[in-house]
>>> print(open('entry.cif').read())   # mmCIF, C-alpha atoms, pLDDT in the B column; chains and numbers go by the auth columns
data_my_file
#
loop_
_atom_site.group_PDB
_atom_site.id
_atom_site.type_symbol
_atom_site.label_atom_id
_atom_site.label_comp_id
_atom_site.label_asym_id
_atom_site.label_seq_id
_atom_site.Cartn_x
_atom_site.Cartn_y
_atom_site.Cartn_z
_atom_site.B_iso_or_equiv
_atom_site.auth_seq_id
_atom_site.auth_asym_id
ATOM 1 C CA MET A 1 -7.011 -4.489 5.627 89.00 841 Z
ATOM 2 C CA GLU A 2 -7.585 -4.837 1.895 94.00 842 Z
ATOM 3 C CA VAL A 3 -4.768 -5.419 -0.571 95.00 843 Z
ATOM 4 C CA LEU A 4 -4.848 -4.306 -4.200 96.00 844 Z
ATOM 5 C CA SER A 5 -1.964 -5.254 -6.485 95.00 845 Z
ATOM 6 C CA CYS A 6 -1.345 -3.351 -9.679 96.00 846 Z
ATOM 7 C CA SER A 7 0.850 -3.856 -12.739 95.00 847 Z
ATOM 8 C CA VAL A 8 0.731 -2.940 -16.421 96.00 848 Z
ATOM 9 C CA ASP A 9 -0.319 -6.503 -17.280 93.00 849 Z
ATOM 10 C CA SER A 10 -3.861 -7.160 -18.485 91.00 850 Z
ATOM 11 C CA GLN A 11 -6.416 -8.886 -16.274 92.00 851 Z
ATOM 12 C CA TYR A 12 -6.046 -11.863 -18.649 90.00 852 Z
ATOM 13 C CA THR A 13 -2.328 -12.161 -17.928 91.00 853 Z
ATOM 14 C CA HIS A 14 -3.153 -11.861 -14.194 91.00 854 Z
ATOM 15 C CA LYS A 15 -5.503 -14.837 -14.584 92.00 855 Z
ATOM 16 C CA ILE A 16 -2.837 -17.000 -16.232 90.00 856 Z
ATOM 17 C CA TRP A 17 -0.187 -15.965 -13.674 92.00 857 Z
ATOM 18 C CA GLN A 18 -2.552 -16.787 -10.804 91.00 858 Z
ATOM 19 C CA GLU A 19 -3.486 -20.160 -12.293 90.00 859 Z
ATOM 20 C CA HIS A 20 -0.038 -21.249 -13.437 89.00 860 Z
ATOM 21 C CA GLU A 21 2.311 -19.890 -10.822 91.00 861 Z
ATOM 22 C CA LEU A 22 0.841 -18.012 -7.839 93.00 862 Z
ATOM 23 C CA SER A 23 -1.561 -20.815 -6.974 90.00 863 Z
ATOM 24 C CA LYS A 24 1.513 -23.046 -6.590 90.00 864 Z
ATOM 25 C CA MET A 25 3.094 -20.582 -4.131 91.00 865 Z
ATOM 26 C CA VAL A 26 -0.042 -19.685 -2.141 88.00 866 Z
ATOM 27 C CA SER A 27 -2.706 -22.303 -1.567 89.00 867 Z
ATOM 28 C CA GLY A 28 -5.805 -21.245 -3.520 86.00 868 Z
ATOM 29 C CA GLY A 29 -3.896 -18.370 -5.149 88.00 869 Z
ATOM 30 C CA VAL A 30 -3.625 -14.808 -3.911 89.00 870 Z
ATOM 31 C CA PRO A 31 -6.964 -13.633 -2.493 89.00 871 Z
ATOM 32 C CA TYR A 32 -6.761 -9.954 -3.431 93.00 872 Z
ATOM 33 C CA PRO A 33 -7.822 -8.175 -6.648 95.00 873 Z
ATOM 34 C CA MET A 34 -5.038 -7.944 -9.243 95.00 874 Z
ATOM 35 C CA LEU A 35 -5.529 -4.634 -11.048 96.00 875 Z
ATOM 36 C CA SER A 36 -4.675 -4.097 -14.677 96.00 876 Z
ATOM 37 C CA ASP A 37 -2.911 -0.806 -15.384 97.00 877 Z
ATOM 38 C CA THR A 38 -2.133 -1.079 -19.101 95.00 878 Z
ATOM 39 C CA GLY A 39 -0.318 2.043 -20.236 94.00 879 Z
ATOM 40 C CA GLY A 40 0.566 2.979 -16.663 96.00 880 Z
ATOM 41 C CA ARG A 41 -2.374 5.359 -16.193 97.00 881 Z
ATOM 42 C CA ILE A 42 -2.677 4.625 -12.457 97.00 882 Z
ATOM 43 C CA GLY A 43 1.087 4.336 -11.979 97.00 883 Z
ATOM 44 C CA ARG A 44 1.490 7.862 -13.359 97.00 884 Z
ATOM 45 C CA LEU A 45 -1.110 9.183 -10.908 97.00 885 Z
ATOM 46 C CA TYR A 46 0.980 7.737 -8.069 97.00 886 Z
ATOM 47 C CA GLY A 47 4.366 8.722 -9.502 96.00 887 Z
ATOM 48 C CA VAL A 48 5.601 5.135 -9.851 96.00 888 Z
ATOM 49 C CA TYR A 49 5.377 4.626 -13.618 97.00 889 Z
ATOM 50 C CA ASP A 50 8.795 4.266 -15.255 96.00 890 Z
ATOM 51 C CA GLU A 51 8.329 5.751 -18.737 95.00 891 Z
ATOM 52 C CA LYS A 52 11.596 4.250 -19.984 95.00 892 Z
ATOM 53 C CA GLY A 53 10.889 0.717 -18.841 93.00 893 Z
ATOM 54 C CA GLY A 54 7.152 0.912 -19.491 95.00 894 Z
ATOM 55 C CA VAL A 55 6.376 -0.619 -16.101 95.00 895 Z
ATOM 56 C CA ASN A 56 5.344 0.422 -12.616 96.00 896 Z
ATOM 57 C CA VAL A 57 8.177 0.221 -10.088 95.00 897 Z
ATOM 58 C CA ARG A 58 7.651 -1.324 -6.661 94.00 898 Z
ATOM 59 C CA GLY A 59 5.495 1.338 -4.977 95.00 899 Z
ATOM 60 C CA ARG A 60 3.410 0.637 -1.908 96.00 900 Z
ATOM 61 C CA PHE A 61 0.785 3.026 -0.523 97.00 901 Z
ATOM 62 C CA LEU A 62 -1.081 2.638 2.739 97.00 902 Z
ATOM 63 C CA ILE A 63 -4.458 4.380 2.455 98.00 903 Z
ATOM 64 C CA ASP A 64 -6.635 4.993 5.529 97.00 904 Z
ATOM 65 C CA PRO A 65 -10.437 4.589 5.781 97.00 905 Z
ATOM 66 C CA ASP A 66 -10.879 8.264 4.757 97.00 906 Z
ATOM 67 C CA GLY A 67 -8.929 7.705 1.535 97.00 907 Z
ATOM 68 C CA VAL A 68 -5.839 9.547 2.796 98.00 908 Z
ATOM 69 C CA ILE A 69 -2.333 8.201 2.115 98.00 909 Z
ATOM 70 C CA GLN A 70 -0.637 7.522 5.466 97.00 910 Z
ATOM 71 C CA ALA A 71 2.542 5.820 4.259 97.00 911 Z
ATOM 72 C CA MET A 72 4.375 5.148 1.044 96.00 912 Z
ATOM 73 C CA GLU A 73 7.460 3.232 0.004 95.00 913 Z
ATOM 74 C CA VAL A 74 9.005 2.965 -3.442 95.00 914 Z
ATOM 75 C CA LEU A 75 11.700 0.452 -4.393 92.00 915 Z
ATOM 76 C CA THR A 76 13.486 -0.269 -7.655 88.00 916 Z
ATOM 77 C CA PRO A 77 12.416 -3.614 -9.119 83.00 917 Z
ATOM 78 C CA PRO A 78 15.164 -6.029 -7.936 88.00 918 Z
ATOM 79 C CA VAL A 79 14.431 -5.816 -4.204 88.00 919 Z
ATOM 80 C CA GLY A 80 11.228 -7.284 -2.807 86.00 920 Z
ATOM 81 C CA ARG A 81 9.207 -5.845 0.041 87.00 921 Z
ATOM 82 C CA ASN A 82 9.243 -6.724 3.737 88.00 922 Z
ATOM 83 C CA PHE A 83 5.737 -7.774 4.629 86.00 923 Z
ATOM 84 C CA ALA A 84 6.427 -7.722 8.394 91.00 924 Z
ATOM 85 C CA GLU A 85 7.278 -4.016 8.319 92.00 925 Z
ATOM 86 C CA LEU A 86 4.138 -3.260 6.329 92.00 926 Z
ATOM 87 C CA VAL A 87 2.007 -5.056 8.939 92.00 927 Z
ATOM 88 C CA ARG A 88 3.787 -3.182 11.747 94.00 928 Z
ATOM 89 C CA GLN A 89 3.041 0.131 10.049 95.00 929 Z
ATOM 90 C CA VAL A 90 -0.611 -0.749 9.489 95.00 930 Z
ATOM 91 C CA LYS A 91 -0.985 -1.658 13.184 95.00 931 Z
ATOM 92 C CA ALA A 92 0.795 1.526 14.253 96.00 932 Z
ATOM 93 C CA PHE A 93 -1.405 3.745 12.090 96.00 933 Z
ATOM 94 C CA GLN A 94 -4.508 1.949 13.341 95.00 934 Z
ATOM 95 C CA HIS A 95 -3.320 2.490 16.927 95.00 935 Z
ATOM 96 C CA VAL A 96 -2.813 6.209 16.282 95.00 936 Z
ATOM 97 C CA ARG A 97 -6.239 6.492 14.679 95.00 937 Z
ATOM 98 C CA GLU A 98 -7.947 4.739 17.589 94.00 938 Z
ATOM 99 C CA THR A 99 -6.090 6.324 20.512 94.00 939 Z
ATOM 100 C CA GLY A 100 -4.634 9.566 19.142 93.00 940 Z
ATOM 101 C CA GLU A 101 -1.321 8.513 20.708 93.00 941 Z
ATOM 102 C CA PRO A 102 1.751 8.642 18.441 92.00 942 Z
ATOM 103 C CA THR A 103 4.017 5.590 18.321 93.00 943 Z
ATOM 104 C CA PRO A 104 7.784 5.956 18.846 90.00 944 Z
ATOM 105 C CA ALA A 105 10.476 4.468 16.568 88.00 945 Z
ATOM 106 C CA GLY A 106 10.335 0.690 16.299 88.00 946 Z
ATOM 107 C CA TRP A 107 6.954 0.544 18.059 91.00 947 Z
ATOM 108 C CA GLN A 108 5.259 -2.867 18.116 91.00 948 Z
ATOM 109 C CA PRO A 109 1.663 -3.693 19.105 90.00 949 Z
ATOM 110 C CA GLY A 110 1.375 -3.836 22.905 87.00 950 Z
ATOM 111 C CA LYS A 111 4.302 -1.462 23.392 86.00 951 Z
ATOM 112 C CA LYS A 112 4.079 2.019 24.860 84.00 952 Z
ATOM 113 C CA SER A 113 2.778 4.916 22.772 86.00 953 Z
ATOM 114 C CA LEU A 114 3.147 8.556 23.783 87.00 954 Z
ATOM 115 C CA LYS A 115 0.644 11.007 25.273 86.00 955 Z
ATOM 116 C CA PRO A 116 1.706 14.415 24.000 86.00 956 Z
ATOM 117 C CA SER A 117 1.273 17.294 26.436 88.00 957 Z
ATOM 118 C CA PRO A 118 3.262 20.383 27.414 90.00 958 Z
ATOM 119 C CA ASP A 119 4.810 18.310 30.229 89.00 959 Z
ATOM 120 C CA LEU A 120 6.192 15.777 27.758 89.00 960 Z
ATOM 121 C CA VAL A 121 8.321 18.384 25.963 89.00 961 Z
ATOM 122 C CA GLY A 122 11.953 17.557 26.660 90.00 962 Z
ATOM 123 C CA ASN A 123 10.876 14.629 28.829 88.00 963 Z
ATOM 124 C CA VAL A 124 10.369 11.827 26.334 86.00 964 Z
ATOM 125 C CA TRP A 125 13.615 10.310 27.671 84.00 965 Z
ATOM 126 C CA LYS A 126 11.937 9.822 31.057 87.00 966 Z
ATOM 127 C CA VAL A 127 8.949 7.878 29.761 85.00 967 Z
ATOM 128 C CA TRP A 128 10.378 5.975 26.808 83.00 968 Z
ATOM 129 C CA LYS A 129 13.645 4.117 26.200 82.00 969 Z
ATOM 130 C CA ILE A 130 14.867 2.982 22.786 76.00 970 Z
ATOM 131 C CA GLY A 131 13.654 -0.542 22.123 70.00 971 Z
ATOM 132 C CA GLU A 132 10.925 -0.292 24.754 69.00 972 Z
ATOM 133 C CA MET B 1 -7.162 18.616 -4.691 44.00 1153 J
ATOM 134 C CA SER B 2 -5.413 19.618 -7.875 44.00 1154 J
ATOM 135 C CA CYS B 3 -5.235 16.729 -10.311 48.00 1155 J
ATOM 136 C CA ALA B 4 -4.093 18.514 -13.468 49.00 1156 J
ATOM 137 C CA GLU B 5 -1.780 16.318 -15.537 51.00 1157 J
ATOM 138 C CA GLY B 6 1.781 16.627 -14.285 51.00 1158 J
ATOM 139 C CA ASN B 7 0.641 18.787 -11.413 50.00 1159 J
ATOM 140 C CA SER B 8 -0.801 16.136 -9.130 59.00 1160 J
ATOM 141 C CA ARG B 9 1.414 15.237 -6.213 80.00 1161 J
ATOM 142 C CA VAL B 10 1.163 12.109 -4.209 93.00 1162 J
ATOM 143 C CA MET B 11 2.005 12.893 -0.599 94.00 1163 J
ATOM 144 C CA VAL B 12 1.417 11.350 2.763 96.00 1164 J
ATOM 145 C CA GLY B 13 -1.429 13.146 4.515 96.00 1165 J
ATOM 146 C CA ARG B 14 -3.140 13.878 1.209 96.00 1166 J
ATOM 147 C CA GLU B 15 -6.017 12.124 -0.483 97.00 1167 J
ATOM 148 C CA ALA B 16 -5.046 9.125 -2.592 97.00 1168 J
ATOM 149 C CA PRO B 17 -5.764 9.743 -6.298 97.00 1169 J
ATOM 150 C CA GLU B 18 -9.022 8.071 -7.360 97.00 1170 J
ATOM 151 C CA PHE B 19 -8.929 5.462 -10.141 97.00 1171 J
ATOM 152 C CA THR B 20 -10.905 2.651 -11.680 97.00 1172 J
ATOM 153 C CA ALA B 21 -9.343 -0.478 -13.150 97.00 1173 J
ATOM 154 C CA SER B 22 -10.266 -3.882 -14.497 96.00 1174 J
ATOM 155 C CA ALA B 23 -9.106 -6.592 -12.158 95.00 1175 J
ATOM 156 C CA PHE B 24 -8.847 -10.326 -11.867 95.00 1176 J
ATOM 157 C CA VAL B 25 -10.244 -11.519 -8.530 94.00 1177 J
ATOM 158 C CA ASN B 26 -11.754 -14.762 -7.232 91.00 1178 J
ATOM 159 C CA GLY B 27 -11.529 -16.395 -10.628 91.00 1179 J
ATOM 160 C CA GLY B 28 -13.393 -13.631 -12.438 93.00 1180 J
ATOM 161 C CA PHE B 29 -13.042 -10.157 -13.894 95.00 1181 J
ATOM 162 C CA LYS B 30 -14.318 -7.100 -12.075 95.00 1182 J
ATOM 163 C CA ASN B 31 -14.086 -3.307 -12.229 97.00 1183 J
ATOM 164 C CA ILE B 32 -12.519 -1.881 -9.102 96.00 1184 J
ATOM 165 C CA LYS B 33 -12.834 1.708 -7.893 97.00 1185 J
ATOM 166 C CA LEU B 34 -10.570 2.952 -5.107 97.00 1186 J
ATOM 167 C CA SER B 35 -13.472 4.861 -3.545 97.00 1187 J
ATOM 168 C CA ASP B 36 -15.356 1.540 -3.127 96.00 1188 J
ATOM 169 C CA TYR B 37 -12.887 0.920 -0.300 97.00 1189 J
ATOM 170 C CA ARG B 38 -13.791 3.957 1.830 97.00 1190 J
ATOM 171 C CA GLY B 39 -14.056 2.864 5.456 97.00 1191 J
ATOM 172 C CA LYS B 40 -11.317 0.273 5.038 97.00 1192 J
ATOM 173 C CA TRP B 41 -7.546 0.293 5.239 97.00 1193 J
ATOM 174 C CA VAL B 42 -6.076 -0.321 1.782 97.00 1194 J
ATOM 175 C CA VAL B 43 -2.583 -1.348 0.748 96.00 1195 J
ATOM 176 C CA LEU B 44 -2.049 -0.516 -2.916 97.00 1196 J
ATOM 177 C CA CYS B 45 1.007 -2.342 -4.264 96.00 1197 J
ATOM 178 C CA PHE B 46 2.559 -1.641 -7.637 96.00 1198 J
ATOM 179 C CA TYR B 47 5.039 -4.094 -9.162 94.00 1199 J
ATOM 180 C CA PRO B 48 6.851 -4.336 -12.472 93.00 1200 J
ATOM 181 C CA GLY B 49 5.079 -7.324 -13.944 92.00 1201 J
ATOM 182 C CA ASP B 50 3.533 -10.758 -13.737 90.00 1202 J
ATOM 183 C CA PHE B 51 5.994 -13.640 -14.072 87.00 1203 J
ATOM 184 C CA THR B 52 8.933 -11.560 -12.877 82.00 1204 J
ATOM 185 C CA PHE B 53 11.048 -13.167 -10.211 75.00 1205 J
ATOM 186 C CA VAL B 54 10.896 -11.094 -7.045 70.00 1206 J
#
>>> encode(input="entry.cif", output="structure tokens")
Amino acid sequence: MEVLSCSVDSQYTHKIWQEHELSKMVSGGVPYPMLSDTGGRIGRLYGVYDEKGGVNVRGRFLIDPDGVIQAMEVLTPPVGRNFAELVRQVKAFQHVRETGEPTPAGWQPGKKSLKPSPDLVGNVWKVWKIGE
Amino acid sequence: MSCAEGNSRVMVGREAPEFTASAFVNGGFKNIKLSDYRGKWVVLCFYPGDFTFV
């Protein structure tokens, strides 16, 4: 999984932020490319550029190996993301891609996924319990 | 996919809009193209700005 971060700051500001702050939070600094989106050109493409504030809001897009968006989440600036839920979603989408089996609510790696068939219609309750 | 200004729609199940951007990575500057990442899972994260608190 590759991470790309993106804000309206220049790549020069990214460098200073990495060197002066992030490297003190994460040993060696963050390992992923920090993209510069001055003017919000990319943010507009993804519908996350706030024209009034002149910044990109907290949008997160999970893009599969074919370049298709599989998940997206957009938050207003004051609330940070939950990394654990992102990882769960990535693993679930990878599971679906590999097996073709959809994952029920709250699915975790190693838990049961479903095998859709005419027989499963109306019978999910027999093969899957909430929290299973 | 229609990409006309104001007409493009980002949706799950649809192709992610292509872009190029200058980036800071591994101590240097580099141009990044989304399509360079075909074949890989990508998490694209937008945030308001460097040196903000959250």
>>> closest_residue(input="entry.cif", among="J:Phe1205, J:Tyr1189, J:Asn1178, J:Val1195", to="Gly868 (chain Z)", atoms="all atoms listed in the file")
J:Asn1178
>>> closest_atom_pairs(input="entry.cif", of="chain Z", to="chain J", cutoff="7 Å", atoms="all atoms listed in the file", output="JSON lines")
{"residue": "Z:Met841", "atom": "CA", "partner": "J:Trp1193", "partner_atom": "CA", "distance": 4.8}
{"residue": "Z:Glu842", "atom": "CA", "partner": "J:Val1194", "partner_atom": "CA", "distance": 4.8}
{"residue": "Z:Val843", "atom": "CA", "partner": "J:Val1195", "partner_atom": "CA", "distance": 4.8}
{"residue": "Z:Leu844", "atom": "CA", "partner": "J:Leu1196", "partner_atom": "CA", "distance": 4.9}
{"residue": "Z:Ser845", "atom": "CA", "partner": "J:Cys1197", "partner_atom": "CA", "distance": 4.7}
{"residue": "Z:Cys846", "atom": "CA", "partner": "J:Phe1198", "partner_atom": "CA", "distance": 4.7}
{"residue": "Z:Ser847", "atom": "CA", "partner": "J:Tyr1199", "partner_atom": "CA", "distance": 5.5}
{"residue": "Z:Val848", "atom": "CA", "partner": "J:Gly1201", "partner_atom": "CA", "distance": 6.7}
{"residue": "Z:Asp849", "atom": "CA", "partner": "J:Gly1201", "partner_atom": "CA", "distance": 6.4}
{"residue": "Z:Gln851", "atom": "CA", "partner": "J:Phe1176", "partner_atom": "CA", "distance": 5.2}
{"residue": "Z:His854", "atom": "CA", "partner": "J:Phe1176", "partner_atom": "CA", "distance": 6.3}
{"residue": "Z:Lys855", "atom": "CA", "partner": "J:Phe1176", "partner_atom": "CA", "distance": 6.2}
{"residue": "Z:Trp857", "atom": "CA", "partner": "J:Asp1202", "partner_atom": "CA", "distance": 6.4}
{"residue": "Z:Pro871", "atom": "CA", "partner": "J:Asn1178", "partner_atom": "CA", "distance": 6.8}
{"residue": "Z:Tyr872", "atom": "CA", "partner": "J:Val1177", "partner_atom": "CA", "distance": 6.4}
{"residue": "Z:Pro873", "atom": "CA", "partner": "J:Val1177", "partner_atom": "CA", "distance": 4.5}
{"residue": "Z:Met874", "atom": "CA", "partner": "J:Ala1175", "partner_atom": "CA", "distance": 5.2}
{"residue": "Z:Leu875", "atom": "CA", "partner": "J:Ala1175", "partner_atom": "CA", "distance": 4.2}
{"residue": "Z:Ser876", "atom": "CA", "partner": "J:Ser1174", "partner_atom": "CA", "distance": 5.6}
{"residue": "Z:Asp877", "atom": "CA", "partner": "J:Ala1173", "partner_atom": "CA", "distance": 6.8}
{"residue": "Z:Ile882", "atom": "CA", "partner": "J:Phe1171", "partner_atom": "CA", "distance": 6.7}
{"residue": "Z:Leu885", "atom": "CA", "partner": "J:Pro1169", "partner_atom": "CA", "distance": 6.6}
{"residue": "Z:Tyr886", "atom": "CA", "partner": "J:Val1162", "partner_atom": "CA", "distance": 5.8}
{"residue": "Z:Val895", "atom": "CA", "partner": "J:Pro1200", "partner_atom": "CA", "distance": 5.2}
{"residue": "Z:Asn896", "atom": "CA", "partner": "J:Pro1200", "partner_atom": "CA", "distance": 5.0}
{"residue": "Z:Val897", "atom": "CA", "partner": "J:Pro1200", "partner_atom": "CA", "distance": 5.3}
{"residue": "Z:Arg898", "atom": "CA", "partner": "J:Tyr1199", "partner_atom": "CA", "distance": 4.6}
{"residue": "Z:Gly899", "atom": "CA", "partner": "J:Phe1198", "partner_atom": "CA", "distance": 5.0}
{"residue": "Z:Arg900", "atom": "CA", "partner": "J:Cys1197", "partner_atom": "CA", "distance": 4.5}
{"residue": "Z:Phe901", "atom": "CA", "partner": "J:Leu1196", "partner_atom": "CA", "distance": 5.1}
{"residue": "Z:Leu902", "atom": "CA", "partner": "J:Val1195", "partner_atom": "CA", "distance": 4.7}
{"residue": "Z:Ile903", "atom": "CA", "partner": "J:Val1194", "partner_atom": "CA", "distance": 5.0}
{"residue": "Z:Asp904", "atom": "CA", "partner": "J:Trp1193", "partner_atom": "CA", "distance": 4.8}
{"residue": "Z:Pro905", "atom": "CA", "partner": "J:Gly1191", "partner_atom": "CA", "distance": 4.0}
{"residue": "Z:Asp906", "atom": "CA", "partner": "J:Arg1190", "partner_atom": "CA", "distance": 6.0}
{"residue": "Z:Gly907", "atom": "CA", "partner": "J:Glu1167", "partner_atom": "CA", "distance": 5.7}
{"residue": "Z:Val908", "atom": "CA", "partner": "J:Glu1167", "partner_atom": "CA", "distance": 4.2}
{"residue": "Z:Ile909", "atom": "CA", "partner": "J:Val1164", "partner_atom": "CA", "distance": 4.9}
{"residue": "Z:Gln910", "atom": "CA", "partner": "J:Val1164", "partner_atom": "CA", "distance": 5.1}
{"residue": "Z:Ala911", "atom": "CA", "partner": "J:Val1164", "partner_atom": "CA", "distance": 5.8}
{"residue": "Z:Pro917", "atom": "CA", "partner": "J:Pro1200", "partner_atom": "CA", "distance": 6.5}
{"residue": "Z:Pro918", "atom": "CA", "partner": "J:Val1206", "partner_atom": "CA", "distance": 6.7}
{"residue": "Z:Val919", "atom": "CA", "partner": "J:Val1206", "partner_atom": "CA", "distance": 7.0}
{"residue": "Z:Gly920", "atom": "CA", "partner": "J:Val1206", "partner_atom": "CA", "distance": 5.7}
>>> atom_distance(input="entry.cif", atom1="CA of Gly893 (chain Z)", atom2="CA of Thr853 (chain Z)")
18.5 Å
>>> atom_distance(input="entry.cif", atom1="CA of Val964 (chain Z)", atom2="CA of Glu925 (chain Z)")
24.2 Å
>>> atom_distance(input="entry.cif", atom1="CA of Val927 (chain Z)", atom2="CA of Val888 (chain Z)")
21.7 Å
>>> residues_around(input="entry.cif", residues="Ser953 (chain Z)", least_positions_apart="5", cutoff="8 Å", atoms="all atoms listed in the file", output="ChimeraX atom specification")
/Z:941-944,947
>>> resolve_selection(input="entry.cif", expression="the PyMOL selection byres ((chain Z and resi 955) around 12)", output="PyMOL selection string")
chain Z and resi 936+939-944+952-954+956-961+963-964+967-968
>>> axis_aligned_box(input="entry.cif", around="region 910-917 of chain Z", padding_each_side="4 Å", output="lines of an AutoDock Vina configuration file")
center_x = 6.4
center_y = 2.0
center_z = -1.8
size_x = 22.1
size_y = 19.1
size_z = 22.6
